[in-house]
Protein chains: 2
Amino acid sequence: METIEKIRAAIRDVPDFPKPGILFKDLTPLMADGSLLRGAIGLFVDACRELRPDKIVGIEARGFIFGSAVATALGCGFVPIRKKGKLPWKTHGKAYALEYGQAEIEIHQDAVTEGARVVLIDDLLATGGTACAAIELLRETGADLLEVQFLVELDFLEGRIVLGDVPVRSFLHY
Amino acid sequence: METIEKIRAAIRDVPDFPKPGILFKDLTPLMADGSLLRGAIGLFVDACRELRPDKIVGIEARGFIFGSAVATALGCGFVPIRKKGKLPWKTHGKAYALEYGQAEIEIHQDAVTEGARVVLIDDLLATGGTACAAIELLRETGADLLEVQFLVELDFLEGRIVLGDVPVRSFLHY
């Protein structure tokens with residue numbers, strides 16, 4: 001079985017999480033398997049290498065799990081995008097709508113210099129709300145956003161459309 | 001300059017964060033430097049290798065940044081301990097006191113099998129409240145907790161004392 005199919009087989013469907021009607025893709029069983037974790041990180045690393053990024057940017061919290069391991073493997077720096085109030089230095093912030101209410105994410109103003117080549121990584125693309133806010137934050141820093149990468153994309157939610165014209169790559173599709 | 005001293009030089013002191021009187025150790029500048037990130041991950045990896053862990057356990061959220069990269073480098077699985085309500089499957093939970101109110105963290109019941117050799121990783125040891133709760137959670141799973149490792153330890157807060165008799169290792173001390 002190919003790596004990608006082994007990863008797919010390890011993803012656990014959890015019905016009605018976080019609320020009724022949602023079929024949640026639980027990636028923790030693949031993370032807990034050393035060979036599959038390396039395999040998943042390797043997919044990102046191979047895709048990033050040709051892009052020659054200076055930094056990998058990861059979105060709190062599951063994006064940290066994939067993003068920092070990819071950055072370490074590539075020898076790049078890692079930049080966290082965090083929920084509001086978690087980063088201690090001067091930040092850019094971006095609010096975005098949730099189904100009920102809104103959320104806000106932040107990036108340190110000095111985390112990415114103008115023109116830096118960055119790849120944005122998260123575990124899963126669903127409706128794209130968080131990723132879209134993260135892309136706008138990176139634009140504010142003046143970064144050169146090369147690509148947005150996800151391990152899993154839920155095609156039927158069409159989140160890719162809201163991300164605009166930035167290149168998007170996902171390794172598994174549902 | 002040695003790796004450890006370069007890492008120390010990259011840590012930024014932020015006064016009065018998250019509240020007046022606290023001098024926050026901001027590790028994001030070292031994460032953003034590819035060479036220092038690799039250096040920091042290498043400290044954990046070298047310390048873990050002799051322990052021969054099956055899994056690396058990381059505490060949300062900054063523990064994910066170090067823990068998953070260490071697990072990937074070692075070829076181990078990675079297990080997240082998360083804030084209450086974030087893990088979709090059956091969990092063990094542990095509440096612990098904060099200065100005001102309390103918090104709760106969780107681990108998946110099937111994340112670690114009885115007798116599995118695990119190392120718990122977080123970025124920084126302060127008062128030890130979260131780490132202590134994480135250790136108790138791991139005891140509930142029946143894991144063999146080999147060591148708890150931190151990049152930074154704030155010695156003057158004496159968090160090490162509350163962790164009991166589990167081996168504790170930190171690479172930088174303040």
# chains A, B, ... in the order shown; residues from 1 in each chain; ligands from 1
call {"tool": "interface_residues", "arguments": {"of": "chain B", "to": "chain A", "cutoff": "6 Å", "atoms": "only C-alpha atoms", "output": "list in words"}}
result
Met31, Ala32, Asp33, Gly34, Arg38, Ala61, Phe64, Ile65, Ser68, Ala69, Thr72, Gly75, Cys76, Gly77, Phe78 and Val79 of chain B
call {"tool": "residues_around", "arguments": {"residues": "Leu138 in chain A", "least_positions_apart": "5", "cutoff": "12 Å", "atoms": "only C-alpha atoms", "output": "PyMOL selection string"}}
result
chain A and resi 55-59+79-81+91-94+105-120+131-133+143-148+166
call {"tool": "select_by_dssp", "arguments": {"residues": "range 6-139 of chain B", "states": "strand (DSSP E)", "output": "ChimeraX atom specification"}}
result
/B:12-15,23-26,55-59,77-83,91-97,102-108,117-125
